[in-house]
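Structure file final-v2.cif with mmCIF, C-alpha atoms:
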```cif
data_model
#
loop_
_atom_site.label_atom_id
_atom_site.label_comp_id
_atom_site.auth_asym_id
_atom_site.auth_seq_id
_atom_site.Cartn_x
_atom_site.Cartn_y
_atom_site.Cartn_z
CA MET A 1 3.51 6.65 0.71
CA THR A 2 5.40 7.41 -2.45
CA HIS A 3 5.86 5.10 -5.38
CA THR A 4 7.79 5.04 -8.57
CA THR A 5 5.41 3.92 -11.25
CA PRO A 6 7.02 1.17 -13.34
CA SER A 7 8.13 2.05 -16.85
CA PRO A 8 5.64 1.57 -19.72
CA GLU A 9 7.53 -1.58 -20.75
CA VAL A 10 7.29 -3.08 -17.28
CA LEU A 11 3.62 -2.10 -17.00
CA ASP A 12 3.01 -3.83 -20.33
CA SER A 13 4.72 -6.96 -19.06
CA TYR A 14 2.45 -6.96 -16.00
CA PHE A 15 -0.83 -6.15 -17.74
CA THR A 16 -0.45 -8.24 -20.89
CA PRO A 17 -0.85 -11.70 -19.29
CA ALA A 18 -3.91 -10.53 -17.32
CA VAL A 19 -5.45 -8.97 -20.41
CA GLU A 20 -4.83 -12.13 -22.44
CA VAL A 21 -6.49 -14.45 -19.93
CA THR A 22 -9.35 -11.95 -19.54
CA LEU A 23 -9.99 -11.76 -23.29
CA GLU A 24 -9.88 -15.57 -23.44
CA GLY A 25 -12.49 -15.82 -20.67
CA MET A 26 -14.71 -13.26 -22.35
CA ARG A 27 -14.55 -15.10 -25.69
CA GLU A 28 -15.32 -18.41 -24.02
CA GLY A 29 -18.09 -16.83 -21.98
CA THR A 30 -16.53 -17.86 -18.69
CA GLY A 31 -15.66 -14.49 -17.21
CA GLY A 32 -16.30 -10.75 -17.30
CA PRO A 33 -14.09 -7.99 -18.72
CA PHE A 34 -11.69 -7.62 -15.80
CA GLY A 35 -8.17 -8.86 -15.20
CA ALA A 36 -5.47 -8.49 -12.57
CA THR A 37 -1.85 -9.34 -11.99
CA LEU A 38 -0.22 -9.64 -8.58
CA VAL A 39 3.49 -8.84 -8.46
CA ASN A 40 5.83 -9.57 -5.57
CA SER A 41 8.33 -7.19 -4.01
CA ASP A 42 11.01 -8.35 -6.45
CA GLY A 43 8.82 -7.29 -9.36
CA GLU A 44 7.99 -10.87 -10.34
CA ILE A 45 4.51 -11.91 -11.39
CA VAL A 46 2.90 -14.26 -8.87
CA VAL A 47 -0.43 -14.70 -10.66
CA ALA A 48 -2.16 -13.13 -13.66
CA VAL A 49 -5.86 -13.86 -13.81
CA GLY A 50 -9.20 -12.89 -15.27
CA ASN A 51 -12.65 -12.68 -13.74
CA THR A 52 -14.09 -16.19 -13.09
CA VAL A 53 -17.66 -15.29 -12.06
CA ILE A 54 -19.35 -17.34 -14.76
CA LYS A 55 -16.85 -20.20 -14.92
CA ASP A 56 -17.03 -20.82 -11.16
CA THR A 57 -20.67 -19.71 -10.62
CA ASP A 58 -19.14 -17.46 -8.00
CA ILE A 59 -20.39 -13.89 -7.69
CA SER A 60 -17.17 -13.09 -5.79
CA GLY A 61 -14.91 -14.23 -8.65
CA HIS A 62 -13.66 -10.74 -9.49
CA ALA A 63 -10.13 -10.66 -10.92
CA GLU A 64 -8.48 -9.04 -7.89
CA MET A 65 -10.29 -11.45 -5.52
CA VAL A 66 -9.19 -14.41 -7.64
CA ALA A 67 -5.62 -13.06 -7.71
CA VAL A 68 -5.51 -12.75 -3.91
CA ARG A 69 -7.00 -16.22 -3.40
CA GLU A 70 -4.70 -17.88 -5.92
CA ALA A 71 -1.64 -16.11 -4.53
CA CYS A 72 -2.53 -17.15 -0.95
CA ARG A 73 -2.80 -20.74 -2.09
CA LYS A 74 0.28 -20.65 -4.31
CA LEU A 75 2.50 -19.05 -1.68
CA SER A 76 0.84 -20.84 1.28
CA THR A 77 0.32 -17.57 3.12
CA LEU A 78 -2.44 -15.26 4.29
CA ASP A 79 -0.07 -12.29 4.18
CA LEU A 80 0.63 -10.65 0.83
CA SER A 81 2.37 -7.60 2.30
CA GLY A 82 4.79 -6.04 -0.16
CA HIS A 83 2.90 -7.34 -3.15
CA VAL A 84 1.46 -4.89 -5.67
CA MET A 85 -1.81 -5.36 -7.56
CA TYR A 86 -2.14 -4.30 -11.19
CA ALA A 87 -5.81 -4.24 -12.13
CA THR A 88 -7.16 -3.58 -15.61
CA CYS A 89 -10.03 -1.71 -13.94
CA GLU A 90 -10.45 0.10 -10.63
CA PRO A 91 -11.26 -2.49 -7.96
CA CYS A 92 -14.71 -2.55 -6.40
CA PRO A 93 -15.07 -2.17 -2.61
CA MET A 94 -15.11 -5.97 -2.14
CA CYS A 95 -11.75 -6.23 -3.89
CA VAL A 96 -10.34 -3.20 -2.06
CA ALA A 97 -11.29 -4.93 1.17
CA VAL A 98 -9.75 -8.30 0.29
CA MET A 99 -6.53 -6.56 -0.75
CA MET A 100 -6.43 -4.77 2.59
CA TRP A 101 -7.12 -7.98 4.53
CA ALA A 102 -4.19 -9.54 2.65
CA GLY A 103 -1.89 -6.66 3.60
CA ILE A 104 -1.57 -5.25 0.08
CA THR A 105 -1.02 -1.50 0.26
CA THR A 106 -0.46 -0.57 -3.39
CA CYS A 107 -2.74 -1.04 -6.37
CA TYR A 108 -2.35 0.38 -9.85
CA TYR A 109 -5.38 0.40 -12.10
CA ALA A 110 -6.12 1.40 -15.69
CA SER A 111 -9.84 1.81 -16.46
CA THR A 112 -12.00 3.44 -13.79
CA HIS A 113 -15.21 2.42 -12.04
CA VAL A 114 -16.93 4.98 -14.28
CA ASP A 115 -15.67 3.10 -17.36
CA ALA A 116 -16.99 -0.11 -15.80
CA GLY A 117 -20.33 1.56 -15.08
CA ASP A 118 -20.56 2.76 -18.69
CA ASN A 119 -20.26 -0.89 -19.71
CA GLY A 120 -22.96 -2.12 -17.35
CA PHE A 121 -20.83 -3.01 -14.34
CA SER A 122 -21.54 -0.26 -11.85
CA ASP A 123 -20.36 -0.61 -8.27
CA VAL A 124 -21.72 2.80 -7.24
CA ARG A 125 -24.44 1.28 -5.05
CA LEU A 126 -21.73 -0.50 -3.01
CA ARG A 127 -19.54 2.59 -2.88
CA LYS A 128 -22.45 4.67 -1.58
CA TYR A 129 -23.43 2.09 1.02
CA LEU A 130 -19.89 1.85 2.33
CA ASP A 131 -19.15 5.58 2.35
CA GLY A 132 -22.41 6.08 4.22
CA SER A 133 -24.04 8.31 1.59
CA ASP A 134 -26.83 5.82 0.83
CA THR A 135 -27.39 2.94 3.22
CA SER A 136 -30.95 2.29 2.04
CA THR A 137 -29.87 -0.59 -0.24
CA LEU A 138 -28.95 -3.07 2.50
CA ASP A 139 -30.69 -3.62 5.81
CA MET A 140 -28.13 -4.54 8.44
CA ILE A 141 -30.08 -5.43 11.54
CA HIS A 142 -28.35 -5.83 14.90
CA LEU A 143 -29.93 -8.45 17.13
CA ASP A 144 -28.94 -6.78 20.33
CA SER A 145 -30.02 -9.24 22.94
CA GLY A 146 -30.46 -12.87 23.69
CA ARG A 147 -27.94 -14.21 21.22
CA GLU A 148 -26.13 -16.33 23.76
CA ASP A 149 -25.24 -18.90 21.10
CA CYS A 150 -23.21 -16.30 19.21
CA ALA A 151 -21.63 -14.87 22.37
CA SER A 152 -20.50 -18.39 23.21
CA ILE A 153 -18.15 -18.20 20.21
CA TRP A 154 -16.12 -15.47 21.92
CA THR A 155 -16.11 -17.32 25.24
CA GLU A 156 -14.75 -20.39 23.48
CA PHE A 157 -12.30 -18.27 21.46
CA GLN A 158 -10.88 -16.71 24.61
CA ALA A 159 -10.64 -20.11 26.32
CA LEU A 160 -8.82 -21.60 23.34
CA ASN A 161 -6.40 -18.69 23.21
CA ALA A 162 -5.88 -18.24 26.95
CA MET B 163 -37.62 -1.58 4.16
CA THR B 164 -39.35 -3.08 7.15
CA HIS B 165 -38.79 -6.55 8.49
CA THR B 166 -40.32 -8.79 11.04
CA THR B 167 -37.46 -10.26 13.00
CA PRO B 168 -37.92 -14.02 13.33
CA SER B 169 -38.94 -15.39 16.71
CA PRO B 170 -36.21 -16.38 19.18
CA GLU B 171 -36.89 -20.04 18.36
CA VAL B 172 -36.47 -19.48 14.63
CA LEU B 173 -33.34 -17.37 15.20
CA ASP B 174 -31.94 -20.21 17.30
CA SER B 175 -32.65 -22.67 14.51
CA TYR B 176 -30.77 -20.45 12.05
CA PHE B 177 -27.79 -19.58 14.25
CA THR B 178 -27.21 -22.94 15.92
CA PRO B 179 -25.86 -24.82 12.88
CA ALA B 180 -23.52 -21.94 12.01
CA VAL B 181 -22.30 -21.69 15.59
CA GLU B 182 -21.70 -25.43 15.75
CA VAL B 183 -19.61 -25.56 12.58
CA THR B 184 -17.74 -22.43 13.70
CA LEU B 185 -16.88 -23.90 17.11
CA GLU B 186 -15.75 -27.08 15.37
CA GLY B 187 -13.45 -25.11 13.06
CA MET B 188 -12.03 -23.14 15.98
CA ARG B 189 -11.32 -26.30 17.97
CA GLU B 190 -9.67 -27.93 14.96
CA GLY B 191 -7.72 -24.76 14.20
CA THR B 192 -9.15 -24.50 10.70
CA GLY B 193 -11.18 -21.31 10.99
CA GLY B 194 -11.78 -18.13 12.95
CA PRO B 195 -14.61 -17.28 15.35
CA PHE B 196 -17.25 -16.34 12.80
CA GLY B 197 -20.21 -18.18 11.34
CA ALA B 198 -23.10 -17.45 9.02
CA THR B 199 -26.30 -19.03 7.78
CA LEU B 200 -28.04 -18.13 4.54
CA VAL B 201 -31.79 -18.62 4.50
CA ASN B 202 -34.02 -18.56 1.44
CA SER B 203 -37.28 -16.66 1.01
CA ASP B 204 -39.23 -19.66 2.32
CA GLY B 205 -37.24 -19.51 5.56
CA GLU B 206 -35.24 -22.62 4.74
CA ILE B 207 -31.52 -22.86 5.46
CA VAL B 208 -29.47 -23.02 2.25
CA VAL B 209 -26.02 -23.17 3.88
CA ALA B 210 -24.64 -22.82 7.41
CA VAL B 211 -20.90 -22.29 7.50
CA GLY B 212 -17.94 -21.13 9.53
CA ASN B 213 -14.88 -19.11 8.60
CA THR B 214 -12.47 -21.17 6.45
CA VAL B 215 -9.48 -18.79 6.30
CA ILE B 216 -7.00 -21.24 7.79
CA LYS B 217 -8.43 -24.43 6.31
CA ASP B 218 -8.38 -23.04 2.77
CA THR B 219 -5.36 -20.70 3.16
CA ASP B 220 -7.75 -18.09 1.85
CA ILE B 221 -7.75 -14.65 3.44
CA SER B 222 -11.18 -14.10 1.89
CA GLY B 223 -12.70 -17.15 3.62
CA HIS B 224 -14.94 -15.14 5.95
CA ALA B 225 -18.15 -16.91 6.92
CA GLU B 226 -20.50 -14.65 4.95
CA MET B 227 -18.22 -14.87 1.87
CA VAL B 228 -18.13 -18.65 2.16
CA ALA B 229 -21.92 -18.74 2.58
CA VAL B 230 -22.45 -16.67 -0.58
CA ARG B 231 -19.99 -18.76 -2.59
CA GLU B 232 -21.40 -22.08 -1.42
CA ALA B 233 -24.97 -20.93 -2.02
CA CYS B 234 -24.11 -19.74 -5.56
CA ARG B 235 -22.62 -23.13 -6.31
CA LYS B 236 -25.36 -25.14 -4.60
CA LEU B 237 -28.20 -23.26 -6.31
CA SER B 238 -26.30 -22.72 -9.60
CA THR B 239 -27.01 -19.01 -9.55
CA LEU B 240 -25.26 -15.68 -9.18
CA ASP B 241 -28.44 -14.08 -7.85
CA LEU B 242 -29.34 -14.63 -4.21
CA SER B 243 -32.08 -11.98 -4.12
CA GLY B 244 -34.64 -12.70 -1.46
CA HIS B 245 -32.18 -14.61 0.68
CA VAL B 246 -31.40 -13.39 4.18
CA MET B 247 -28.00 -13.65 5.87
CA TYR B 248 -27.72 -14.46 9.56
CA ALA B 249 -24.18 -13.69 10.74
CA THR B 250 -22.82 -14.42 14.20
CA CYS B 251 -20.86 -11.17 13.91
CA GLU B 252 -21.32 -7.93 11.98
CA PRO B 253 -19.97 -8.48 8.45
CA CYS B 254 -16.83 -6.65 7.37
CA PRO B 255 -16.95 -4.38 4.29
CA MET B 256 -15.74 -7.21 2.02
CA CYS B 257 -18.67 -9.35 3.13
CA VAL B 258 -21.12 -6.47 2.90
CA ALA B 259 -19.97 -5.98 -0.68
CA VAL B 260 -20.25 -9.63 -1.68
CA MET B 261 -23.76 -9.78 -0.21
CA MET B 262 -24.71 -6.72 -2.24
CA TRP B 263 -23.21 -8.15 -5.44
CA ALA B 264 -25.31 -11.27 -4.81
CA GLY B 265 -28.49 -9.22 -4.42
CA ILE B 266 -28.92 -9.91 -0.72
CA THR B 267 -30.67 -6.95 0.92
CA THR B 268 -31.18 -8.16 4.48
CA CYS B 269 -28.61 -9.26 7.03
CA TYR B 270 -29.15 -9.94 10.72
CA TYR B 271 -26.09 -10.05 12.95
CA ALA B 272 -25.41 -10.75 16.62
CA SER B 273 -21.96 -9.59 17.81
CA THR B 274 -20.68 -6.27 16.48
CA HIS B 275 -17.48 -5.21 14.73
CA VAL B 276 -16.47 -3.69 18.08
CA ASP B 277 -16.79 -7.12 19.72
CA ALA B 278 -14.66 -8.53 16.91
CA GLY B 279 -12.09 -5.77 17.40
CA ASP B 280 -11.95 -6.48 21.13
CA ASN B 281 -10.97 -10.03 20.21
CA GLY B 282 -8.24 -8.99 17.79
CA PHE B 283 -10.23 -8.94 14.55
CA SER B 284 -10.65 -5.25 13.80
CA ASP B 285 -11.97 -4.17 10.42
CA VAL B 286 -11.87 -0.48 11.31
CA ARG B 287 -9.02 0.25 8.90
CA LEU B 288 -11.18 -1.06 6.03
CA ARG B 289 -14.25 0.79 7.24
CA LYS B 290 -12.30 4.06 7.39
CA TYR B 291 -10.76 3.55 3.95
CA LEU B 292 -14.13 2.85 2.39
CA ASP B 293 -16.03 5.65 4.13
CA GLY B 294 -13.29 8.04 3.05
CA SER B 295 -12.24 9.07 6.56
CA ASP B 296 -8.74 7.57 6.24
CA THR B 297 -7.51 6.59 2.81
CA SER B 298 -3.84 6.62 3.82
CA THR B 299 -3.73 2.85 4.30
CA LEU B 300 -4.03 1.87 0.63
CA ASP B 301 -2.51 3.59 -2.35
CA MET B 302 -4.85 3.32 -5.31
CA ILE B 303 -2.99 4.74 -8.27
CA HIS B 304 -4.79 5.51 -11.53
CA LEU B 305 -2.64 4.98 -14.62
CA ASP B 306 -4.42 7.58 -16.66
CA SER B 307 -2.80 7.21 -20.02
CA GLY B 308 -1.30 4.76 -22.42
CA ARG B 309 -3.04 1.68 -21.15
CA GLU B 310 -4.28 0.61 -24.55
CA ASP B 311 -4.05 -3.07 -23.58
CA CYS B 312 -6.64 -2.52 -20.86
CA ALA B 313 -8.85 -0.33 -23.01
CA SER B 314 -8.86 -3.14 -25.57
CA ILE B 315 -10.87 -5.21 -23.08
CA TRP B 316 -13.81 -2.81 -23.41
CA THR B 317 -13.53 -2.69 -27.19
CA GLU B 318 -13.67 -6.48 -27.28
CA PHE B 319 -16.49 -6.54 -24.71
CA GLN B 320 -18.60 -4.19 -26.80
CA ALA B 321 -17.88 -6.18 -29.96
CA LEU B 322 -18.85 -9.45 -28.27
CA ASN B 323 -22.08 -7.94 -26.94
CA ALA B 324 -23.04 -5.91 -30.02
#
```
As structure tokens, please, write out the structure in this file.
Amino acid sequence: MTHTTPSPEVLDSYFTPAVEVTLEGMREGTGGPFGATLVNSDGEIVVAVGNTVIKDTDISGHAEMVAVREACRKLSTLDLSGHVMYATCEPCPMCVAVMMWAGITTCYYASTHVDAGDNGFSDVRLRKYLDGSDTSTLDMIHLDSGREDCASIWTEFQALNA
Amino acid sequence: MTHTTPSPEVLDSYFTPAVEVTLEGMREGTGGPFGATLVNSDGEIVVAVGNTVIKDTDISGHAEMVAVREACRKLSTLDLSGHVMYATCEPCPMCVAVMMWAGITTCYYASTHVDAGDNGFSDVRLRKYLDGSDTSTLDMIHLDSGREDCASIWTEFQALNA
């Protein structure tokens, strides 16, 4: 895919509201140093948010995750295709995944995951688990037999959708 | 790490409440065919939940994500170290990542991502993006200069934490 990166002025107009709410959260001690703005296909801002991990006691409250959740709710949709994410810092794998589930295919970011790591927010362990280079950090154990209760979910699913 | 898989009776006691709430959500049309139970280090159930994607208009409302969020809130913590996730189906990369952010290091699962894919819920695109084998599905574009607004977040962060 090819993209035309927005002009510096447009980028400023996208990043500034996210940066402001992020700085506010940091000063109030309610969120970490990450912000994100989601823009629709007409170039209009849908939501501009900061990290809410502390405020919401929610380890998943990363800025991009919050932006996706708030946009889903605001637009009453699970499909954010055509929207573009502007993140103050490179999204972690969790946020990459939620963007992909939402159908977002373009994300611009400013700081990198190395910058984040230098400030004590490394996601390298997750990156290595998910790229397969170090899977020692999480034991995923397949219960390969006798889980009839779980299999019953698919039976019911197929019956409901027959 | 080595683990002793719980007995079939204990597994049943963990999976049954998640399966029940999942089936309920499917029948009411409020959630997809996925459930999860989070158990603490004493073997006690903290939360047993189903997928809430439809109910909450939240594309991130996967069972494991919901379990982590609810447990954080219930226990007033961002650290779920020592807890074990029991998922009716193999967690997607988003859910793997949120578990890792929460400090969870053990997850048992019943159905596999292939079973999920066979039922129309494939996460293979995400898996391939994150393992690097196909990054064509998401454009992550680094704005490598002139983003002083974003850099100011780190300056402020360091000042606040000096």
- request: Given the file shown, determine the residues that the PyMOL selection byres ((chain B and resi 179) around 10) selects; report them as a ChimeraX atom specification.
  value: /B:174-178,180-185,197-199,207,209-212
message: Quick one: residues within 10 Å of range 104-118 of chain A, all atoms listed in the file, excluding same-chain residues fewer than 3 positions away - as a PyMOL selection string?
response: (chain A and resi 1-3+5+11+15+33-34+36-38+64+68+79-92+96-101+121-124) or (chain B and resi 298-313+315-316)
- prompt: Separation of CA of Leu288 in chain B and CA of Pro255 in chain B, in Å?
  reply: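 According to the coordinates, CA of Leu288 in chain B and CA of Pro255 in chain B are separated by 6.9 Å.
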field: Distance in Å - CA of Asp56 in chain A versus CA of Cys95 in chain A
entry: 17.1 Å
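Interatomic distance, CA of Lys217 in chain B to CA of Gly187 in chain B: 8.4 Å.
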From B:Ser169, B:Asn202, B:Cys234, B:Ile216, residue lying nearest Ala264 in chain B [all atoms listed in the file]: B:Cys234
field: Picked residues, the PyMOL selection byres ((chain B and resi 192) around 9), as a ChimeraX atom specification
entry: /B:186-191,193-194,213-218
Residue nearest chain B - candidates A:Arg69, A:His62, A:Lys128, A:Lys74, atoms counted: only C-alpha atoms: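 Counting only C-alpha atoms, the residue closest to chain B is A:Arg69.
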